[in-house]
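Dumped structure.cif below, it's mmCIF, C-alpha atoms and all ligand atoms:
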```cif
data_coords
#
loop_
_atom_site.group_PDB
_atom_site.id
_atom_site.type_symbol
_atom_site.label_atom_id
_atom_site.label_comp_id
_atom_site.auth_asym_id
_atom_site.auth_seq_id
_atom_site.Cartn_x
_atom_site.Cartn_y
_atom_site.Cartn_z
ATOM 1 C CA MET A 265 189.709 109.646 131.181
ATOM 2 C CA THR A 266 191.229 111.433 134.161
ATOM 3 C CA HIS A 267 194.117 109.973 136.101
ATOM 4 C CA ASP A 268 193.712 109.152 139.764
ATOM 5 C CA LEU A 269 197.318 109.129 140.922
ATOM 6 C CA LYS A 270 200.696 110.056 139.489
ATOM 7 C CA TRP A 271 204.151 109.177 140.827
ATOM 8 C CA SER A 272 207.739 108.791 139.683
ATOM 9 C CA ASP A 273 210.778 106.835 140.878
ATOM 10 C CA ALA A 274 213.241 108.850 138.779
ATOM 11 C CA PRO A 275 216.040 110.854 140.362
ATOM 12 C CA PRO A 276 216.073 114.483 139.099
ATOM 13 C CA GLY A 277 217.375 114.720 135.536
ATOM 14 C CA GLU A 278 216.881 111.025 134.700
ATOM 15 C CA VAL A 279 215.000 110.048 131.557
ATOM 16 C CA ARG A 280 211.601 108.692 132.542
ATOM 17 C CA ASP A 281 209.381 106.176 130.818
ATOM 18 C CA GLN A 282 205.653 106.816 131.023
ATOM 19 C CA VAL A 283 203.795 103.840 132.455
ATOM 20 C CA GLY A 284 200.000 103.837 132.383
ATOM 21 C CA VAL A 285 198.394 101.527 134.946
ATOM 22 C CA TRP A 286 194.692 100.700 134.998
ATOM 23 C CA ILE A 287 193.302 98.836 138.010
ATOM 24 C CA VAL A 288 189.648 98.468 137.166
ATOM 25 C CA ARG A 289 186.718 96.735 138.805
ATOM 26 C CA ALA A 290 184.366 94.717 136.628
ATOM 27 C CA PRO A 291 180.900 96.253 136.413
ATOM 28 C CA ALA A 292 178.079 94.490 138.224
ATOM 29 C CA GLY A 293 175.657 92.512 136.094
ATOM 30 C CA GLN A 294 175.957 90.197 133.128
ATOM 31 C CA ARG A 295 178.167 91.203 130.233
ATOM 32 C CA LEU A 296 177.654 88.029 128.211
ATOM 33 C CA PRO A 297 174.428 86.698 126.675
ATOM 34 C CA PRO A 298 172.587 84.091 128.801
ATOM 35 C CA ASP A 299 174.103 81.232 126.762
ATOM 36 C CA GLY A 300 177.639 82.602 127.366
ATOM 37 C CA SER A 301 178.277 82.981 123.639
ATOM 38 C CA PRO A 302 181.270 85.184 122.783
ATOM 39 C CA PRO A 303 180.879 88.890 121.996
ATOM 40 C CA GLY A 304 181.751 89.957 118.436
ATOM 41 C CA TRP A 305 184.770 91.993 119.510
ATOM 42 C CA LEU A 306 186.765 88.934 120.668
ATOM 43 C CA ASP A 307 189.187 87.449 118.129
ATOM 44 C CA GLU A 308 189.241 83.765 117.227
ATOM 45 C CA LYS A 309 191.782 82.780 119.895
ATOM 46 C CA GLU A 310 189.942 84.705 122.591
ATOM 47 C CA ARG A 311 186.703 83.022 121.538
ATOM 48 C CA SER A 312 188.130 79.548 121.891
ATOM 49 C CA ARG A 313 189.689 80.466 125.274
ATOM 50 C CA LEU A 314 186.299 81.789 126.416
ATOM 51 C CA ALA A 315 184.528 78.649 125.201
ATOM 52 C CA ALA A 316 186.959 76.462 127.199
ATOM 53 C CA ILE A 317 186.179 78.206 130.512
ATOM 54 C CA PRO A 318 183.651 75.998 132.313
ATOM 55 C CA GLN A 319 182.005 78.400 134.759
ATOM 56 C CA ARG A 320 179.853 81.373 133.928
ATOM 57 C CA SER A 321 181.711 83.596 136.439
ATOM 58 C CA GLY A 322 185.043 82.696 134.820
ATOM 59 C CA LYS A 323 183.682 83.495 131.364
ATOM 60 C CA GLU A 324 182.417 86.889 132.566
ATOM 61 C CA ALA A 325 185.785 87.655 134.191
ATOM 62 C CA TYR A 326 187.711 86.640 131.059
ATOM 63 C CA ALA A 327 185.454 88.701 128.791
ATOM 64 C CA PHE A 328 185.750 91.782 130.992
ATOM 65 C CA ALA A 329 189.558 91.469 131.248
ATOM 66 C CA HIS A 330 189.887 91.221 127.480
ATOM 67 C CA TRP A 331 187.486 94.091 126.906
ATOM 68 C CA ALA A 332 189.519 96.171 129.371
ATOM 69 C CA LEU A 333 192.768 95.302 127.573
ATOM 70 C CA ARG A 334 191.290 96.102 124.159
ATOM 71 C CA SER A 335 189.824 99.351 125.454
ATOM 72 C CA VAL A 336 193.154 100.544 126.920
ATOM 73 C CA LEU A 337 195.290 99.458 123.962
ATOM 74 C CA GLY A 338 192.759 100.744 121.416
ATOM 75 C CA SER A 339 192.861 104.133 123.098
ATOM 76 C CA SER A 340 196.664 104.094 123.022
ATOM 77 C CA LEU A 341 196.784 103.040 119.342
ATOM 78 C CA GLY A 342 193.927 105.298 118.241
ATOM 79 C CA CYS A 343 191.631 102.475 117.101
ATOM 80 C CA PRO A 344 188.405 100.943 118.442
ATOM 81 C CA PRO A 345 188.773 98.126 121.027
ATOM 82 C CA ARG A 346 187.819 95.435 118.508
ATOM 83 C CA GLY A 347 190.498 96.701 116.103
ATOM 84 C CA VAL A 348 193.424 95.649 118.343
ATOM 85 C CA ALA A 349 195.223 92.549 117.005
ATOM 86 C CA PHE A 350 197.479 90.358 119.152
ATOM 87 C CA LEU A 351 200.327 87.916 118.718
ATOM 88 C CA ARG A 352 202.340 85.791 121.146
ATOM 89 C CA GLN A 353 206.096 86.183 121.320
ATOM 90 C CA PRO A 354 208.093 82.957 121.527
ATOM 91 C CA CYS A 355 208.646 81.665 125.072
ATOM 92 C CA PRO A 356 212.251 82.554 126.025
ATOM 93 C CA GLY A 357 212.452 79.219 127.861
ATOM 94 C CA CYS A 358 211.381 76.748 125.159
ATOM 95 C CA GLY A 359 210.579 78.809 122.046
ATOM 96 C CA GLY A 360 206.890 77.741 122.157
ATOM 97 C CA ALA A 361 204.072 80.121 121.206
ATOM 98 C CA HIS A 362 203.229 81.082 124.797
ATOM 99 C CA GLY A 363 205.611 83.973 125.511
ATOM 100 C CA ARG A 364 204.635 87.586 126.171
ATOM 101 C CA PRO A 365 201.447 88.749 124.424
ATOM 102 C CA ALA A 366 202.184 91.641 122.044
ATOM 103 C CA ILE A 367 200.363 93.938 119.605
ATOM 104 C CA ARG A 368 200.319 92.901 115.968
ATOM 105 C CA ASP A 369 200.433 96.179 114.116
ATOM 106 C CA PRO A 370 202.371 95.991 110.859
ATOM 107 C CA ASP A 371 200.880 99.207 109.429
ATOM 108 C CA ARG A 372 201.789 101.503 112.272
ATOM 109 C CA GLY A 373 205.013 103.521 112.150
ATOM 110 C CA GLY A 374 207.300 102.893 115.147
ATOM 111 C CA GLU A 375 207.159 100.231 117.805
ATOM 112 C CA PRO A 376 203.756 99.446 119.320
ATOM 113 C CA PRO A 377 203.611 99.854 123.112
ATOM 114 C CA GLU A 378 204.447 97.002 125.466
ATOM 115 C CA PHE A 379 201.704 95.861 127.804
ATOM 116 C CA SER A 380 200.822 93.353 130.476
ATOM 117 C CA MET A 381 197.501 92.232 131.920
ATOM 118 C CA SER A 382 196.335 90.355 135.021
ATOM 119 C CA HIS A 383 192.953 89.470 136.461
ATOM 120 C CA SER A 384 191.975 88.366 139.945
ATOM 121 C CA GLY A 385 188.588 88.346 141.655
ATOM 122 C CA ASP A 386 186.530 91.130 140.094
ATOM 123 C CA HIS A 387 189.560 93.310 139.247
ATOM 124 C CA VAL A 388 191.786 93.662 136.209
ATOM 125 C CA ALA A 389 195.225 95.304 136.147
ATOM 126 C CA ILE A 390 196.763 96.532 132.897
ATOM 127 C CA ALA A 391 200.113 98.250 132.353
ATOM 128 C CA VAL A 392 201.132 99.971 129.126
ATOM 129 C CA ALA A 393 204.685 101.235 128.621
ATOM 130 C CA GLU A 394 207.430 101.758 126.079
ATOM 131 C CA ALA A 395 209.657 99.368 128.022
ATOM 132 C CA THR A 396 209.094 95.677 128.662
ATOM 133 C CA ILE A 397 206.695 95.380 131.587
ATOM 134 C CA GLY A 398 204.920 92.736 133.648
ATOM 135 C CA ILE A 399 202.002 93.369 136.010
ATOM 136 C CA ASP A 400 200.103 91.213 138.475
ATOM 137 C CA ILE A 401 197.120 91.683 140.760
ATOM 138 C CA GLU A 402 195.977 89.144 143.360
ATOM 139 C CA CYS A 403 193.230 89.082 145.930
ATOM 140 C CA HIS A 404 194.354 88.024 149.384
ATOM 141 C CA PRO A 405 194.441 84.226 149.585
ATOM 142 C CA THR A 406 193.225 82.089 152.468
ATOM 143 C CA PRO A 407 195.796 81.097 155.139
ATOM 144 C CA GLU A 408 195.368 77.475 153.938
ATOM 145 C CA SER A 409 196.310 78.459 150.416
ATOM 146 C CA VAL A 410 199.393 80.350 151.697
ATOM 147 C CA ALA A 411 200.471 77.244 153.642
ATOM 148 C CA GLY A 412 200.021 75.156 150.487
ATOM 149 C CA TYR A 413 202.207 77.383 148.268
ATOM 150 C CA LEU A 414 204.900 78.228 150.839
ATOM 151 C CA PRO A 415 207.085 75.121 150.279
ATOM 152 C CA PHE A 416 207.368 75.934 146.553
ATOM 153 C CA LEU A 417 208.880 79.401 147.051
ATOM 154 C CA HIS A 418 212.566 80.337 147.099
ATOM 155 C CA PRO A 419 214.173 79.344 150.451
ATOM 156 C CA ARG A 420 214.859 83.004 151.369
ATOM 157 C CA GLU A 421 211.238 83.908 150.625
ATOM 158 C CA GLN A 422 210.061 81.049 152.838
ATOM 159 C CA GLN A 423 212.349 82.282 155.597
ATOM 160 C CA TRP A 424 211.114 85.871 155.241
ATOM 161 C CA LEU A 425 207.430 84.875 155.244
ATOM 162 C CA GLY A 426 208.073 82.512 158.158
ATOM 163 C CA GLY A 427 209.083 85.553 160.224
ATOM 164 C CA ARG A 428 205.999 87.616 159.412
ATOM 165 C CA PRO A 429 203.340 88.129 162.111
ATOM 166 C CA ALA A 430 200.324 85.848 161.584
ATOM 167 C CA ASP A 431 197.960 88.773 160.937
ATOM 168 C CA GLU A 432 200.212 90.127 158.151
ATOM 169 C CA LEU A 433 201.165 86.819 156.534
ATOM 170 C CA VAL A 434 198.331 86.654 153.998
ATOM 171 C CA ARG A 435 198.921 90.243 152.838
ATOM 172 C CA ASP A 436 202.697 89.814 152.638
ATOM 173 C CA PHE A 437 202.386 86.514 150.790
ATOM 174 C CA ALA A 438 200.071 88.197 148.244
ATOM 175 C CA ARG A 439 202.556 91.078 147.836
ATOM 176 C CA LEU A 440 205.429 88.690 147.275
ATOM 177 C CA TRP A 441 203.378 86.593 144.871
ATOM 178 C CA THR A 442 202.480 89.635 142.746
ATOM 179 C CA ARG A 443 206.206 90.488 142.568
ATOM 180 C CA LYS A 444 206.908 86.972 141.332
ATOM 181 C CA GLU A 445 204.135 86.978 138.737
ATOM 182 C CA ALA A 446 205.090 90.477 137.552
ATOM 183 C CA MET A 447 208.606 89.111 136.902
ATOM 184 C CA ALA A 448 207.220 85.945 135.283
ATOM 185 C CA LYS A 449 205.299 88.125 132.830
ATOM 186 C CA ALA A 450 208.015 90.740 132.254
ATOM 187 C CA THR A 451 210.455 87.997 131.235
ATOM 188 C CA GLY A 452 207.706 85.998 129.511
ATOM 189 C CA GLN A 453 208.985 82.772 131.060
ATOM 190 C CA GLY A 454 206.002 82.015 133.271
ATOM 191 C CA MET A 455 205.893 81.118 136.962
ATOM 192 C CA ALA A 456 207.976 77.946 136.751
ATOM 193 C CA ALA A 457 211.055 80.072 136.031
ATOM 194 C CA VAL A 458 210.613 82.280 139.097
ATOM 195 C CA MET A 459 208.840 80.003 141.597
ATOM 196 C CA ASN A 460 211.752 78.655 143.657
ATOM 197 C CA ARG A 461 214.597 79.992 141.510
ATOM 198 C CA LEU A 462 214.189 83.728 142.049
ATOM 199 C CA ASP A 463 214.241 85.490 145.415
ATOM 200 C CA LEU A 464 211.796 88.378 145.225
ATOM 201 C CA THR A 465 212.245 89.635 148.797
ATOM 202 C CA GLY A 466 214.627 92.161 147.211
ATOM 203 C CA GLN A 467 215.180 93.519 143.689
ATOM 204 C CA PRO A 468 216.184 90.825 141.169
ATOM 205 C CA LEU A 469 219.362 91.483 139.194
ATOM 206 C CA GLY A 470 218.611 93.630 136.140
ATOM 207 C CA TRP A 471 215.009 94.339 137.113
ATOM 208 C CA ARG A 472 213.045 96.821 139.177
ATOM 209 C CA VAL A 473 209.867 95.547 140.856
ATOM 210 C CA ARG A 474 207.440 98.084 142.287
ATOM 211 C CA GLN A 475 204.377 97.677 144.457
ATOM 212 C CA LEU A 476 201.212 99.474 143.370
ATOM 213 C CA ILE A 477 198.388 100.862 145.458
ATOM 214 C CA ALA A 478 195.633 98.272 145.093
ATOM 215 C CA PRO A 479 191.987 98.139 146.215
ATOM 216 C CA PRO A 480 191.283 96.746 149.723
ATOM 217 C CA GLY A 481 191.838 92.977 149.818
ATOM 218 C CA TYR A 482 194.160 93.065 146.767
ATOM 219 C CA GLU A 483 197.878 93.508 146.120
ATOM 220 C CA ALA A 484 199.501 94.508 142.844
ATOM 221 C CA SER A 485 203.049 94.933 141.500
ATOM 222 C CA PHE A 486 204.819 95.598 138.216
ATOM 223 C CA ALA A 487 208.323 94.831 136.951
ATOM 224 C CA VAL A 488 210.450 96.750 134.415
ATOM 225 C CA PRO A 489 214.124 96.531 133.410
ATOM 226 C CA ALA A 490 216.363 98.120 136.069
ATOM 227 C CA SER A 491 217.582 100.733 133.572
ATOM 228 C CA VAL A 492 214.061 102.144 133.332
ATOM 229 C CA HIS A 493 212.871 104.930 135.621
ATOM 230 C CA VAL A 494 209.138 105.327 135.539
ATOM 231 C CA ASP A 495 206.520 108.043 135.620
ATOM 232 C CA VAL A 496 203.434 106.099 136.644
ATOM 233 C CA ILE A 497 199.932 107.349 135.944
ATOM 234 C CA MET A 498 197.150 105.276 137.506
ATOM 235 C CA TYR A 499 193.558 105.092 136.296
ATOM 236 C CA GLU A 500 190.431 103.477 137.722
ATOM 237 C CA ASP A 501 188.228 103.866 134.640
ATOM 238 C CA LEU A 502 188.503 102.391 131.162
ATOM 239 C CA PRO A 503 188.572 104.621 128.088
ATOM 240 C CA HIS A 504 185.457 102.766 126.830
ATOM 241 C CA PRO A 505 182.980 101.071 129.218
ATOM 242 C CA MET A 506 182.227 97.448 128.388
ATOM 243 C CA PRO A 507 179.107 97.204 126.215
ATOM 244 C CA GLU A 508 176.043 95.416 127.537
ATOM 245 C CA ALA A 509 175.618 91.970 126.013
ATOM 246 C CA GLU A 510 172.609 93.017 123.923
ATOM 247 C CA LEU A 511 174.206 96.189 122.566
ATOM 248 C CA GLU A 512 176.184 96.389 119.368
ATOM 249 C CA PRO A 513 179.879 96.488 120.420
ATOM 250 C CA VAL A 514 182.027 99.584 119.796
HETATM 251 C C1 LIG B 1 201.738 83.660 132.699
HETATM 252 C C2 LIG B 1 201.242 83.406 134.120
HETATM 253 C C3 LIG B 1 202.279 83.947 135.103
HETATM 254 C C4 LIG B 1 199.897 84.193 134.274
HETATM 255 O O1 LIG B 1 199.393 84.136 135.580
HETATM 256 P P1 LIG B 1 197.875 83.770 135.951
HETATM 257 O O2 LIG B 1 197.793 83.759 137.435
HETATM 258 O O3 LIG B 1 197.503 82.536 135.209
HETATM 259 O O4 LIG B 1 196.919 84.859 135.389
HETATM 260 P P2 LIG B 1 196.884 86.471 135.369
HETATM 261 O O5 LIG B 1 195.472 86.846 135.295
HETATM 262 O O6 LIG B 1 197.699 87.137 136.412
HETATM 263 O O7 LIG B 1 197.566 86.792 133.951
HETATM 264 C C5 LIG B 1 197.035 86.257 132.794
HETATM 265 C C6 LIG B 1 197.559 87.042 131.620
HETATM 266 O O8 LIG B 1 198.994 86.996 131.587
HETATM 267 C C7 LIG B 1 199.373 87.172 130.233
HETATM 268 N N1 LIG B 1 200.347 86.118 129.921
HETATM 269 C C8 LIG B 1 200.139 84.816 129.658
HETATM 270 N N2 LIG B 1 201.309 84.200 129.404
HETATM 271 C C9 LIG B 1 202.271 85.151 129.502
HETATM 272 C C10 LIG B 1 203.672 85.140 129.339
HETATM 273 N N3 LIG B 1 204.358 84.034 129.017
HETATM 274 N N4 LIG B 1 204.348 86.287 129.530
HETATM 275 C C11 LIG B 1 203.704 87.429 129.839
HETATM 276 N N5 LIG B 1 202.365 87.504 130.021
HETATM 277 C C12 LIG B 1 201.666 86.372 129.847
HETATM 278 C C13 LIG B 1 198.115 87.076 129.355
HETATM 279 O O9 LIG B 1 197.701 88.388 129.024
HETATM 280 C C14 LIG B 1 197.133 86.439 130.308
HETATM 281 O O10 LIG B 1 195.785 86.789 130.065
HETATM 282 P P3 LIG B 1 194.763 85.687 129.483
HETATM 283 O O11 LIG B 1 195.110 84.379 130.131
HETATM 284 O O12 LIG B 1 193.412 86.178 129.862
HETATM 285 O O13 LIG B 1 195.000 85.711 128.022
HETATM 286 C C15 LIG B 1 200.965 81.909 134.412
HETATM 287 O O14 LIG B 1 199.803 81.527 133.739
HETATM 288 C C16 LIG B 1 202.092 80.997 133.971
HETATM 289 O O15 LIG B 1 203.136 80.929 134.575
HETATM 290 N N6 LIG B 1 201.853 80.240 132.921
HETATM 291 C C17 LIG B 1 202.800 79.233 132.459
HETATM 292 C C18 LIG B 1 203.305 79.598 131.119
HETATM 293 C C19 LIG B 1 203.930 78.373 130.523
HETATM 294 O O16 LIG B 1 203.263 77.476 130.105
HETATM 295 N N7 LIG B 1 205.220 78.346 130.478
HETATM 296 C C20 LIG B 1 205.881 77.231 129.884
HETATM 297 C C21 LIG B 1 207.350 77.561 129.850
HETATM 298 S S1 LIG B 1 208.177 76.429 128.834
#
```
Once more with this new file: its structure as structure tokens, please.
Amino acid sequence: MTHDLKWSDAPPGEVRDQVGVWIVRAPAGQRLPPDGSPPGWLDEKERSRLAAIPQRSGKEAYAFAHWALRSVLGSSLGCPPRGVAFLRQPCPGCGGAHGRPAIRDPDRGGEPPEFSMSHSGDHVAIAVAEATIGIDIECHPTPESVAGYLPFLHPREQQWLGGRPADELVRDFARLWTRKEAMAKATGQGMAAVMNRLDLTGQPLGWRVRQLIAPPGYEASFAVPASVHVDVIMYEDLPHPMPEAELEPV
């Protein structure tokens, strides 16, 4: 697994946190059996989520995203992809079981890494760090979709987007949206908490939001606590390629 790009936002002498970022394209072809039945490496919750997805393309995308996450985290923990176990932290807003996903790893010494995952179109973005982190990737929306979401944004964001040239509006909306979703995931509160309450045209108090280099037609961002300076290493390939549907999983 070789890295494709490395950068840092740390001033000289500052302590840096290593952040691994994978932005990976799903392989062409079917990765699920013709009947869409779940692969053996998904856990029970993932299986029921997969079963609830109506369309074949959505099932394939979900399966690839969760393989990618398991592959990256398994490599970081030193276990096979199917050996990674997850839990959900309580939602900081209501205490419900839909907060940040985390690794369940009672046997391992030390804290397991933090992570965040996002999927859009045929791409998946995954960030792994010691610090709390949120990541989002989005493919460029249609102008109609931008017009539909605009009224729900923070007033300053609406004003800023309203001043963007028409040919840059879709890209800039997608960039802003990834900043919002990265924050929604870093805090674990979900989009409702950031939609019109948080202005992401600048840096939110206590947080640092960074834009990532994304494939053409996509935008991506991540958010970490403001006290964290990052050394980012970006990868385009997974540690373990997703197995074909017929093959025995890793
Ligand atoms: C979390 C959220 C921002 C994800 O955005 P999205 O556009 O649906 O999807 P993405 O592909 O970018 O990200 C999905 C991943 O985010 C992660 N995620 C889900 N909830 C999360 C949370 N609360 N915090 C951090 N990450 C979360 C999961 O890994 C999820 O992957 P999965 O759905 O395949 O398991 C969005 O779904 C949301 O706001 N949900 C509402 C959460 C909610 O119900 N809040 C109630 C508050 S009381």
Handout entry: Contact residues around region 273-280 of chain A with all atoms listed in the file at 7 Å, ignoring same-chain residues under 2 positions, as a PyMOL selection string
Key = chain A and resi 282+493-495
Handout entry: Å distance separating CA of Ala290 (chain A) from CA of Glu310 (chain A), one decimal place
Key =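 Atom-to-atom, CA of Ala290 (chain A) and CA of Glu310 (chain A) are spaced 18.1 Å apart.
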Counting all atoms listed in the file, what are the residues, protein, DNA or RNA alike, that approach ligand LIG 1 (chain B) to within 7 Å? I want them as a PDB file with C-alpha atoms, in the frame of the given file.
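Result file is result-v4.pdb:
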```
ATOM      1  CA  TYR A 326     187.711  86.640 131.059  1.00  0.00           C
ATOM      2  CA  ALA A 329     189.558  91.469 131.248  1.00  0.00           C
ATOM      3  CA  HIS A 330     189.887  91.221 127.480  1.00  0.00           C
ATOM      4  CA  CYS A 355     208.646  81.665 125.072  1.00  0.00           C
ATOM      5  CA  GLY A 357     212.452  79.219 127.861  1.00  0.00           C
ATOM      6  CA  CYS A 358     211.381  76.748 125.159  1.00  0.00           C
ATOM      7  CA  GLY A 360     206.890  77.741 122.157  1.00  0.00           C
ATOM      8  CA  HIS A 362     203.229  81.082 124.797  1.00  0.00           C
ATOM      9  CA  GLY A 363     205.611  83.973 125.511  1.00  0.00           C
ATOM     10  CA  ARG A 364     204.635  87.586 126.171  1.00  0.00           C
ATOM     11  CA  PRO A 365     201.447  88.749 124.424  1.00  0.00           C
ATOM     12  CA  SER A 380     200.822  93.353 130.476  1.00  0.00           C
ATOM     13  CA  MET A 381     197.501  92.232 131.920  1.00  0.00           C
ATOM     14  CA  SER A 382     196.335  90.355 135.021  1.00  0.00           C
ATOM     15  CA  HIS A 383     192.953  89.470 136.461  1.00  0.00           C
ATOM     16  CA  SER A 384     191.975  88.366 139.945  1.00  0.00           C
ATOM     17  CA  GLY A 398     204.920  92.736 133.648  1.00  0.00           C
ATOM     18  CA  ASP A 400     200.103  91.213 138.475  1.00  0.00           C
ATOM     19  CA  ILE A 401     197.120  91.683 140.760  1.00  0.00           C
ATOM     20  CA  GLU A 445     204.135  86.978 138.737  1.00  0.00           C
ATOM     21  CA  ALA A 448     207.220  85.945 135.283  1.00  0.00           C
ATOM     22  CA  LYS A 449     205.299  88.125 132.830  1.00  0.00           C
ATOM     23  CA  ALA A 450     208.015  90.740 132.254  1.00  0.00           C
ATOM     24  CA  THR A 451     210.455  87.997 131.235  1.00  0.00           C
ATOM     25  CA  GLY A 452     207.706  85.998 129.511  1.00  0.00           C
ATOM     26  CA  GLN A 453     208.985  82.772 131.060  1.00  0.00           C
ATOM     27  CA  GLY A 454     206.002  82.015 133.271  1.00  0.00           C
ATOM     28  CA  MET A 455     205.893  81.118 136.962  1.00  0.00           C
ATOM     29  CA  ALA A 456     207.976  77.946 136.751  1.00  0.00           C
TER      30      ALA A 456
END
```
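Listed by chain and then by number, the residues chosen by the PyMOL selection byres (((chain A and resi 332) around 10) and not hetatm) in this file are Trp286, Ile287, Val288, Arg289, Ala290, Tyr326, Ala327, Phe328, Ala329, His330, Trp331, Leu333, Arg334, Ser335, Val336, Leu337, Gly338, Pro345, Met381, Val388, Ala389, Ile390, Asp501, Leu502, Pro503, His504, Pro505 and Met506 of chain A.
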Problem - Polymer residues at most 6 Å from region 416-429 of chain A, all atoms listed in the file, same-chain spacing of 6 or more positions, as a ChimeraX atom specification - result: /A:459-461,463
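Interatomic distance, CA of Cys343 (chain A) against CA of Gly284 (chain A): 17.5 Å.
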